[in-house]
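Working notes, structure below.
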Amino acid sequence: MSCWETFTDYALRSIGIGAKLLPKADFTLCQQFTLIGSGLIWNVYFGAMALLFGFFLANALALARIAHSPWVRKPAEWFVFVFRGSPLFIQFFLAYEMLVMLPRTGIEIFGMTLTSSWLTKAWAGALIVLFLNTAAYSAEIFYGALRSIPKGDLEAAEAYGITGWNKFRRIQWPTMLRLAWPSYTNEAIFLFQSTTLVFFSGFPALSQRGDALYYANYFADKTFNPFIPYPIVAMYFVLLTLGVIWLFGRLNRHLNRHLPQNIRSRIRLRPQLIR
Amino acid sequence: MFAACADPKAIEGLTWATCYLTSGKHLDFYGSFITVLLLLAITAPVAMALGFGGAMAARSQITPLRWFGKAYSAMVRGVPDIVYFLFFVIALDQGIEYLNFLRVCPDTSLPVFRGMEFHVCPEAKVPLSTAAPFVFQAYNFGIAVITFAIVFGAFVANVIYGAMQAVPRAQLETAEAYGMSQGQVFRRVLVPQMWTYALPGLTNLWMILIKATPLLFLLSVKDIVYYARELGGTKTQAYDYPHPDWRLYYFLGLLVFYLLMTKLSEIVLSRIANRLSKGQATAAGEAMRKATI
Amino acid sequence: MKKLLLATTLLALTAGFAAADVVRLATEGAYPPFNFIDDKGEVAGFEREFGDEICKRAALECTWTTNEWDSIIPNLQSGNYDVIIAGMSITDERSKVITFSDNYYPPAASAYLAAAADADVKTGVVSAQVGTIQAAYVAESGATLLEFPTPDETVAAVRNGEAAAVFADKDYLRPFADESNGALMFVGEDVAIGGGVGLGMRQSDTELKGKMDTAIKAMKADGSLNALIEKYFGAEGLKF
């Protein structure tokens, strides 16, 4: 079996396209690279979707945290505390245990039946957990950034007669994003790495469709040699991390496009590690 | 533990609960909380030392050392910690035994790797196969500390490197103007001044470290998650205390433990942050100065 | 440097013990009645008693340790212990990298346990523990495989309706069926897979394998192994 055939059989195996069964013999490097790479699709899916949805919730939470009314502020504070204060590992477990308790037949609301069985599948259930988790971490980052907006900027805006929603939309929010961006990049890197936990704890793999770590585990289990598959996962993740850094670097340049060329700071990932 | 617990199947109600919660395995469970706290207490300073070394290497004038320092933190940062935990421990264990093999084995000419098997003479085993179970546990614990420290040392190296860059250049130049040597500037100005910039990053790392401990069971250390799973699972009549699936309650207990740890850490660390900000030329330091006037 | 330091400290701790003939036995500790951690926190079950007995017969000093199922073979090859005694079925795959003793439990039936008598085990969702021969079997059977890291979760999946049935060693499932008050039942036909349960050892440890085989043969011959199986698996346990 040539490597190309292996590729066509297994490159999309993690989403159910291609060979029905996983390889049972040889376990060549080609098989390991292809299948583990195939699993990476799930890591990217979980990471990208959670970041996308999490971004909006994080903005809302950050605003809620600076609100004056305790009715708005307190729930947001508690949400952030619970999701930042407990390990993702345990969040996955608890979420799964709670989701399987939902009635199998669906929930009756106003005469409509909402099915709930899809929630226990990894693609939905784990995504919800990752979404809430990253929203909490990002909210904390955005909250910190909102509080460190230079006072002068806001005073200048008011002097120009920019107030209320306009002030927020045109001054506060863009400045917050600029300040938060390096930490937010770190959060994105961590989030992608956390996606390896999905099939490792809590959520079961259906029809042997799993993420990169799931397939690495499969090969380690079949070849009894952990020293090949796990370093392959490591290599894929280094590439993924570089990709995330590149993408966020591009966005960072976009956010700071108004600054003169020479002070446009290159993205600094180091000091403000928030997580 | 108690005399009433001699026949667990005959008792019920409160007595049953008392006996159940004081069974040998539960005592091990409570002990595992100490294991986790101990691991945190030992790993944190070791990771700090490694991170400090990594940051120094990354700032070094010597090119290979600088590359090493930068590669170390970049490599470890790019890869999920769980992946390291899955293969690094066996490699580390073999590395230790190999060094020992060169030191104590009578015949070091034999190949160490035979096929997929790893062989050293019985004297070179760490710990020796005759050692007490406690020694094995201590050894696994030590390996876990080293693994955690290497992974988190890379993050610490990043934070400290950034903090050293953040110390205002003027402060260092002032020190040089007073005639301090490079070493003196480093020791007397750069390192003491760096902490206030490093603290937010280090605080976050501490929080991450706390939350990475559920992965300890991968490193053959019986931690709280191992016991929560083990105790919570359905127990058939083969056990003294049969019960249905109670994992949910055990994990809720762990959730509370982690939330408490986080809260406690937040309180302590914010005090340290206040202490460090005193008199610093930062926004926080400025705010404190204004508050006292 | 640090590694070396640690190694020497630990060596100093253990110095004074001669490297005698101590055989380290490793088990998973989560697969009753084969092996489990009892309420005192010690390894117990059929394999505990059996392992102690063969060590006595082979005049070996044995100590017990537990290891995650996932890494139980790599750690054997790395020399962290000498014998795997964890309900491990003898398969061709495993025989390529480790050597097995004679089986001490006959080729056992695997069975489907379901929450309803009409559960569809041919095309429905069937749960199994990841990395077991049962998981491989389900994947090939045409059913939808749902994999969990621990055996306990596979049964829980049937209870909460995530899976139509669980596929595992019948001996492991039987207590769950017996104690469920009729909520769980065996469905479909039993399937014989694997070549019985044996001790796993390094391929280079031929001397140890010889000793173990002799002891197992003796236990089979005088009926003590059958008595032990009867004790832990009941009348339905397979005998030699």
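How things are named: the first chain in the structure tokens is A, the next is B, and so on; residues count from 1 in each chain; ligands count from 1 in the order shown.
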
Test item: residues at most 12 Å from region 159-174 of chain A, only C-alpha atoms, excluding those fewer than 3 positions along its chain, as a ChimeraX atom specification: /A:59-60,62-63,142-143,145-156,177-181,252,254-258

Preceding selection exported with N, CA, C and O atoms as a compact mmCIF listing (two decimals), in the first residue's frame:
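Generated output (result-v9.txt):
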# COMPACT_ATOMS: atom_id res chain seq x y z
N ASN A 59 -16.56 39.69 25.26
CA ASN A 59 -16.81 41.13 25.24
C ASN A 59 -17.97 41.49 26.15
O ASN A 59 -17.89 42.44 26.93
N ALA A 60 -19.03 40.70 26.04
CA ALA A 60 -20.20 40.97 26.87
C ALA A 60 -19.85 40.83 28.35
O ALA A 60 -20.23 41.67 29.17
N ALA A 62 -16.90 41.11 29.77
CA ALA A 62 -15.99 42.17 30.20
C ALA A 62 -16.77 43.44 30.50
O ALA A 62 -16.52 44.13 31.49
N LEU A 63 -17.75 43.74 29.65
CA LEU A 63 -18.59 44.92 29.89
C LEU A 63 -19.41 44.75 31.16
O LEU A 63 -19.57 45.69 31.94
N PHE A 142 -9.88 41.02 28.58
CA PHE A 142 -10.51 42.24 28.08
C PHE A 142 -10.83 43.19 29.23
O PHE A 142 -10.71 44.42 29.09
N TYR A 143 -11.24 42.63 30.34
CA TYR A 143 -11.56 43.44 31.52
C TYR A 143 -10.32 44.21 31.97
O TYR A 143 -10.37 45.42 32.22
N ALA A 145 -7.81 44.99 30.15
CA ALA A 145 -7.47 45.98 29.13
C ALA A 145 -8.37 47.20 29.24
O ALA A 145 -7.91 48.34 29.12
N LEU A 146 -9.67 46.96 29.49
CA LEU A 146 -10.61 48.09 29.61
C LEU A 146 -10.18 49.02 30.74
O LEU A 146 -10.30 50.23 30.64
N ARG A 147 -9.67 48.41 31.81
CA ARG A 147 -9.30 49.22 32.97
C ARG A 147 -7.99 49.96 32.76
O ARG A 147 -7.68 50.88 33.49
N SER A 148 -7.20 49.50 31.78
CA SER A 148 -5.91 50.18 31.62
C SER A 148 -5.88 51.09 30.39
O SER A 148 -4.82 51.46 29.92
N ILE A 149 -7.07 51.43 29.88
CA ILE A 149 -7.11 52.41 28.79
C ILE A 149 -6.66 53.76 29.35
O ILE A 149 -7.16 54.20 30.39
N PRO A 150 -5.68 54.42 28.70
CA PRO A 150 -5.18 55.69 29.23
C PRO A 150 -6.31 56.69 29.43
O PRO A 150 -7.17 56.86 28.56
N LYS A 151 -6.28 57.33 30.60
CA LYS A 151 -7.33 58.27 30.94
C LYS A 151 -7.39 59.40 29.91
O LYS A 151 -8.46 59.89 29.57
N GLY A 152 -6.21 59.79 29.44
CA GLY A 152 -6.13 60.91 28.49
C GLY A 152 -6.95 60.65 27.23
O GLY A 152 -7.62 61.56 26.72
N ASP A 153 -6.94 59.43 26.74
CA ASP A 153 -7.68 59.09 25.53
C ASP A 153 -9.17 59.38 25.72
O ASP A 153 -9.84 59.94 24.84
N LEU A 154 -9.68 58.96 26.89
CA LEU A 154 -11.12 59.12 27.15
C LEU A 154 -11.46 60.60 27.32
O LEU A 154 -12.49 61.07 26.84
N GLU A 155 -10.58 61.33 27.99
CA GLU A 155 -10.83 62.76 28.19
C GLU A 155 -10.81 63.50 26.85
O GLU A 155 -11.65 64.37 26.59
N ALA A 156 -9.87 63.09 26.00
CA ALA A 156 -9.78 63.71 24.68
C ALA A 156 -11.06 63.47 23.90
O ALA A 156 -11.60 64.38 23.25
N LEU A 177 -9.02 46.31 22.53
CA LEU A 177 -8.53 45.19 21.71
C LEU A 177 -7.02 45.29 21.50
O LEU A 177 -6.31 44.30 21.63
N ARG A 178 -6.56 46.52 21.21
CA ARG A 178 -5.12 46.69 20.98
C ARG A 178 -4.34 46.29 22.22
O ARG A 178 -3.33 45.61 22.13
N LEU A 179 -4.81 46.74 23.39
CA LEU A 179 -4.08 46.44 24.62
C LEU A 179 -4.14 44.96 24.95
O LEU A 179 -3.18 44.38 25.46
N ALA A 180 -5.28 44.35 24.67
CA ALA A 180 -5.48 42.96 25.09
C ALA A 180 -4.84 41.98 24.12
O ALA A 180 -4.67 40.81 24.44
N TRP A 181 -4.53 42.42 22.92
CA TRP A 181 -4.20 41.48 21.86
C TRP A 181 -3.06 40.50 22.18
O TRP A 181 -3.18 39.30 21.92
N ASN A 252 -2.94 41.83 14.56
CA ASN A 252 -2.34 42.85 15.40
C ASN A 252 -1.89 44.04 14.56
O ASN A 252 -2.10 45.19 14.93
N HIS A 254 -3.17 44.88 11.79
CA HIS A 254 -4.38 45.56 11.34
C HIS A 254 -4.90 46.50 12.43
O HIS A 254 -5.30 47.63 12.17
N LEU A 255 -4.87 46.01 13.68
CA LEU A 255 -5.38 46.82 14.79
C LEU A 255 -4.54 48.07 14.99
O LEU A 255 -5.05 49.09 15.43
N ASN A 256 -3.24 47.95 14.72
CA ASN A 256 -2.35 49.07 14.99
C ASN A 256 -1.97 49.81 13.71
O ASN A 256 -0.94 50.48 13.67
N ARG A 257 -2.81 49.71 12.68
CA ARG A 257 -2.42 50.25 11.38
C ARG A 257 -2.32 51.77 11.40
O ARG A 257 -1.68 52.36 10.54
N HIS A 258 -2.96 52.43 12.40
CA HIS A 258 -2.93 53.88 12.43
C HIS A 258 -1.60 54.42 12.93
O HIS A 258 -1.29 55.58 12.76

List as JSON lines every residue of chain A that is in contact with chain B, defined as an atom at most 9 Å from one of its atoms (using only C-alpha atoms), together with the nearest atom pair and the distance in Å rounded to one decimal, sorted by chain and then rising number.
{"residue": "A:Phe81", "atom": "CA", "partner": "B:Leu259", "partner_atom": "CA", "distance": 7.9}
{"residue": "A:Val82", "atom": "CA", "partner": "B:Leu259", "partner_atom": "CA", "distance": 6.9}
{"residue": "A:Arg84", "atom": "CA", "partner": "B:Thr262", "partner_atom": "CA", "distance": 8.5}
{"residue": "A:Gly85", "atom": "CA", "partner": "B:Leu259", "partner_atom": "CA", "distance": 5.1}
{"residue": "A:Ser86", "atom": "CA", "partner": "B:Tyr258", "partner_atom": "CA", "distance": 5.4}
{"residue": "A:Pro87", "atom": "CA", "partner": "B:Lys211", "partner_atom": "CA", "distance": 4.6}
{"residue": "A:Leu88", "atom": "CA", "partner": "B:Lys211", "partner_atom": "CA", "distance": 7.6}
{"residue": "A:Phe89", "atom": "CA", "partner": "B:Pro214", "partner_atom": "CA", "distance": 6.9}
{"residue": "A:Ile90", "atom": "CA", "partner": "B:Phe251", "partner_atom": "CA", "distance": 6.9}
{"residue": "A:Gln91", "atom": "CA", "partner": "B:Leu255", "partner_atom": "CA", "distance": 8.3}
{"residue": "A:Phe93", "atom": "CA", "partner": "B:Phe251", "partner_atom": "CA", "distance": 7.9}
{"residue": "A:Leu94", "atom": "CA", "partner": "B:Leu248", "partner_atom": "CA", "distance": 6.8}
{"residue": "A:Glu97", "atom": "CA", "partner": "B:Leu248", "partner_atom": "CA", "distance": 6.9}
{"residue": "A:Met98", "atom": "CA", "partner": "B:Leu248", "partner_atom": "CA", "distance": 8.6}
{"residue": "A:Ile189", "atom": "CA", "partner": "B:Gly78", "partner_atom": "CA", "distance": 7.9}
{"residue": "A:Phe190", "atom": "CA", "partner": "B:Pro80", "partner_atom": "CA", "distance": 8.0}
{"residue": "A:Phe192", "atom": "CA", "partner": "B:Pro80", "partner_atom": "CA", "distance": 8.5}
{"residue": "A:Gln193", "atom": "CA", "partner": "B:Pro80", "partner_atom": "CA", "distance": 4.8}
{"residue": "A:Ser194", "atom": "CA", "partner": "B:Pro80", "partner_atom": "CA", "distance": 7.1}
{"residue": "A:Thr196", "atom": "CA", "partner": "B:Pro80", "partner_atom": "CA", "distance": 7.5}
{"residue": "A:Leu197", "atom": "CA", "partner": "B:Ile82", "partner_atom": "CA", "distance": 8.1}
{"residue": "A:Leu213", "atom": "CA", "partner": "B:Val83", "partner_atom": "CA", "distance": 7.7}
{"residue": "A:Phe224", "atom": "CA", "partner": "B:Met116", "partner_atom": "CA", "distance": 8.9}
{"residue": "A:Asn225", "atom": "CA", "partner": "B:Met116", "partner_atom": "CA", "distance": 7.9}
{"residue": "A:Pro226", "atom": "CA", "partner": "B:Phe87", "partner_atom": "CA", "distance": 5.7}
{"residue": "A:Phe227", "atom": "CA", "partner": "B:Phe87", "partner_atom": "CA", "distance": 6.4}
{"residue": "A:Tyr230", "atom": "CA", "partner": "B:Val83", "partner_atom": "CA", "distance": 6.1}
{"residue": "A:Pro231", "atom": "CA", "partner": "B:Val83", "partner_atom": "CA", "distance": 7.9}
{"residue": "A:Val233", "atom": "CA", "partner": "B:Val83", "partner_atom": "CA", "distance": 7.4}
{"residue": "A:Ala234", "atom": "CA", "partner": "B:Val79", "partner_atom": "CA", "distance": 5.3}
{"residue": "A:Met235", "atom": "CA", "partner": "B:Val79", "partner_atom": "CA", "distance": 7.7}
{"residue": "A:Tyr236", "atom": "CA", "partner": "B:Val79", "partner_atom": "CA", "distance": 8.6}
{"residue": "A:Phe237", "atom": "CA", "partner": "B:Val79", "partner_atom": "CA", "distance": 5.5}
{"residue": "A:Val238", "atom": "CA", "partner": "B:Gly78", "partner_atom": "CA", "distance": 4.7}
{"residue": "A:Leu239", "atom": "CA", "partner": "B:Gly78", "partner_atom": "CA", "distance": 8.1}
{"residue": "A:Leu240", "atom": "CA", "partner": "B:Gly78", "partner_atom": "CA", "distance": 8.2}
{"residue": "A:Thr241", "atom": "CA", "partner": "B:Gly78", "partner_atom": "CA", "distance": 5.7}
{"residue": "A:Leu242", "atom": "CA", "partner": "B:Gly78", "partner_atom": "CA", "distance": 7.9}
{"residue": "A:Arg268", "atom": "CA", "partner": "B:Gly162", "partner_atom": "CA", "distance": 8.7}
{"residue": "A:Leu269", "atom": "CA", "partner": "B:Gly162", "partner_atom": "CA", "distance": 8.6}
{"residue": "A:Arg270", "atom": "CA", "partner": "B:Gly162", "partner_atom": "CA", "distance": 5.3}
{"residue": "A:Pro271", "atom": "CA", "partner": "B:Gly162", "partner_atom": "CA", "distance": 4.8}
{"residue": "A:Gln272", "atom": "CA", "partner": "B:Gly201", "partner_atom": "CA", "distance": 5.4}
{"residue": "A:Leu273", "atom": "CA", "partner": "B:Gly201", "partner_atom": "CA", "distance": 4.9}
{"residue": "A:Ile274", "atom": "CA", "partner": "B:Asn204", "partner_atom": "CA", "distance": 5.6}
{"residue": "A:Arg275", "atom": "CA", "partner": "B:Asn204", "partner_atom": "CA", "distance": 5.3}

Spatial neighbours of Asp9 (chain A), 12 Å, only C-alpha atoms, chain gap at least 4 places, as a CSV table (one decimal) with N, CA, C and O atoms, in the first residue's frame:
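Everything below was put into result-v7.csv:
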chain,number,residue,atom,x,y,z
A,1,MET,N,0.8,-1.2,0.0
A,1,MET,CA,0.0,0.0,0.0
A,1,MET,C,0.9,1.2,0.0
A,1,MET,O,1.7,1.4,0.9
A,2,SER,N,0.7,2.0,-1.0
A,2,SER,CA,1.6,3.2,-1.2
A,2,SER,C,1.1,4.3,-0.2
A,2,SER,O,0.0,4.2,0.3
A,3,CYS,N,2.0,5.2,0.0
A,3,CYS,CA,1.7,6.3,0.9
A,3,CYS,C,0.5,7.1,0.4
A,3,CYS,O,-0.3,7.6,1.2
A,4,TRP,N,0.4,7.2,-0.9
A,4,TRP,CA,-0.7,8.0,-1.4
A,4,TRP,C,-2.0,7.4,-1.2
A,4,TRP,O,-3.0,8.0,-0.8
A,5,GLU,N,-2.0,6.0,-1.3
A,5,GLU,CA,-3.3,5.3,-1.0
A,5,GLU,C,-3.6,5.5,0.5
A,5,GLU,O,-4.8,5.7,0.8
A,13,ARG,N,-10.2,10.6,7.7
A,13,ARG,CA,-10.8,9.6,8.5
A,13,ARG,C,-11.5,10.1,9.8
A,13,ARG,O,-12.5,9.6,10.2
A,14,SER,N,-10.9,11.2,10.3
A,14,SER,CA,-11.4,11.7,11.6
A,14,SER,C,-12.8,12.3,11.4
A,14,SER,O,-13.5,12.5,12.4
A,15,ILE,N,-13.2,12.7,10.2
A,15,ILE,CA,-14.6,13.1,10.1
A,15,ILE,C,-15.5,12.1,9.3
A,15,ILE,O,-16.5,12.4,8.8
A,16,GLY,N,-15.0,10.9,9.3
A,16,GLY,CA,-15.8,9.8,8.8
A,16,GLY,C,-15.7,9.6,7.3
A,16,GLY,O,-16.5,8.8,6.8
A,17,ILE,N,-14.8,10.2,6.6
A,17,ILE,CA,-14.6,10.0,5.2
A,17,ILE,C,-13.4,9.1,4.9
A,17,ILE,O,-12.3,9.4,5.5
A,18,GLY,N,-13.5,8.1,4.1
A,18,GLY,CA,-12.4,7.2,3.8
A,18,GLY,C,-12.6,5.8,4.3
A,18,GLY,O,-13.7,5.4,4.5
A,19,ALA,N,-11.5,5.2,4.7
A,19,ALA,CA,-11.5,3.8,5.1
A,19,ALA,C,-12.4,3.7,6.3
A,19,ALA,O,-12.4,4.6,7.2
A,20,LYS,N,-13.1,2.6,6.5
A,20,LYS,CA,-14.0,2.4,7.6
A,20,LYS,C,-13.2,2.0,8.9
A,20,LYS,O,-13.4,2.5,9.9
A,21,LEU,N,-12.2,1.1,8.7
A,21,LEU,CA,-11.4,0.7,9.8
A,21,LEU,C,-10.1,1.4,9.9
A,21,LEU,O,-9.5,1.8,8.8
A,22,LEU,N,-9.6,1.5,11.1
A,22,LEU,CA,-8.2,2.0,11.2
A,22,LEU,C,-7.2,1.0,10.8
A,22,LEU,O,-7.5,-0.2,10.8
A,23,PRO,N,-6.0,1.4,10.5
A,23,PRO,CA,-5.0,0.4,10.1
A,23,PRO,C,-4.7,-0.6,11.2
A,23,PRO,O,-4.7,-0.3,12.3
A,30,CYS,N,4.1,6.7,7.5
A,30,CYS,CA,3.1,7.4,6.6
A,30,CYS,C,1.7,7.3,7.2
A,30,CYS,O,1.0,8.3,7.3
A,31,GLN,N,1.3,6.1,7.7
A,31,GLN,CA,0.0,6.0,8.3
A,31,GLN,C,-0.1,6.9,9.6
A,31,GLN,O,-1.1,7.5,9.8
A,34,THR,N,-0.4,10.6,8.5
A,34,THR,CA,-1.7,10.9,7.9
A,34,THR,C,-2.8,10.9,8.9
A,34,THR,O,-3.6,11.9,9.0
A,35,LEU,N,-2.9,9.9,9.7
A,35,LEU,CA,-4.0,9.7,10.6
A,35,LEU,C,-4.0,10.8,11.7
A,35,LEU,O,-5.0,11.4,12.1
A,38,SER,N,-5.0,13.9,10.3
A,38,SER,CA,-6.4,13.9,10.1
A,38,SER,C,-7.1,14.3,11.4
A,38,SER,O,-8.1,15.1,11.4

Residue list for chain C near chain A as a PyMOL selection string, 7 Å, only C-alpha atoms: chain C and resi 70+73-74+131+139+144-148+160

Residues of chain B within 8 Å of chain C, counting only C-alpha atoms, as a ChimeraX atom specification: /B:23-26,28,90,94,96,99-100,116-119,122-123,126-131,135,139,142,218,220,230,233-234,236-241,245

Exercise: Met49 (chain A) partners within 10 Å, only C-alpha atoms, chain neighbours under 3 positions left out, as a PyMOL selection string: chain A and resi 44-46+52-55+127-128+130-131

Any chance you could export the current selection's C-alpha atoms as a PDB file, in the first residue's frame?
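Saved as again-v1.pdb:
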ATOM      1  CA  VAL A  44      -8.655  23.135  14.688  1.00  0.00           C
ATOM      2  CA  TYR A  45     -12.452  22.871  14.643  1.00  0.00           C
ATOM      3  CA  PHE A  46     -12.758  23.034  18.436  1.00  0.00           C
ATOM      4  CA  LEU A  52     -15.002  32.724  17.421  1.00  0.00           C
ATOM      5  CA  PHE A  53     -18.062  32.357  19.659  1.00  0.00           C
ATOM      6  CA  GLY A  54     -16.039  32.968  22.810  1.00  0.00           C
ATOM      7  CA  PHE A  55     -14.897  36.343  21.530  1.00  0.00           C
ATOM      8  CA  LEU A 127     -17.405  22.802  22.045  1.00  0.00           C
ATOM      9  CA  ILE A 128     -19.784  24.349  24.552  1.00  0.00           C
ATOM     10  CA  LEU A 130     -14.406  25.118  25.454  1.00  0.00           C
ATOM     11  CA  PHE A 131     -16.509  28.089  24.387  1.00  0.00           C
TER      12      PHE A 131
END

DSSP alpha helix (DSSP H) selection over region 6-245 of chain B, as a ChimeraX atom specification: /B:13-21,24-58,63-78,81-104,133-166,169-177,182-184,191-212,224-232

Residue with smallest distance to Ala139 (chain A) - pool A:Thr28, A:Thr6, A:Ser183, A:Thr175, counting only C-alpha atoms: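 Among the listed residues, A:Ser183 lies closest to Ala139 (chain A).
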
For Ile216 (chain C): contacts at 10 Å, only C-alpha atoms, fewer than 5 positions along chain excluded, given as an MDAnalysis selection string: chainID C and resid 50:51 53:54 57:58 101:104 198 210:211 221 224:225

Residue set, region 42-123 of chain A restricted to strand (DSSP E), as a ChimeraX atom specification: /A:107-109,112-114

Any chance you can output those residues with C-alpha atoms as a tab-separated table (two decimals), in the first residue's frame?
chain	number	residue	atom	x	y	z
A	107	ILE	CA	-37.48	18.68	26.37
A	108	GLU	CA	-41.03	20.01	25.97
A	109	ILE	CA	-41.14	23.78	25.77
A	112	MET	CA	-42.25	22.17	20.91
A	113	THR	CA	-39.92	19.28	21.51
A	114	LEU	CA	-36.28	20.17	21.69
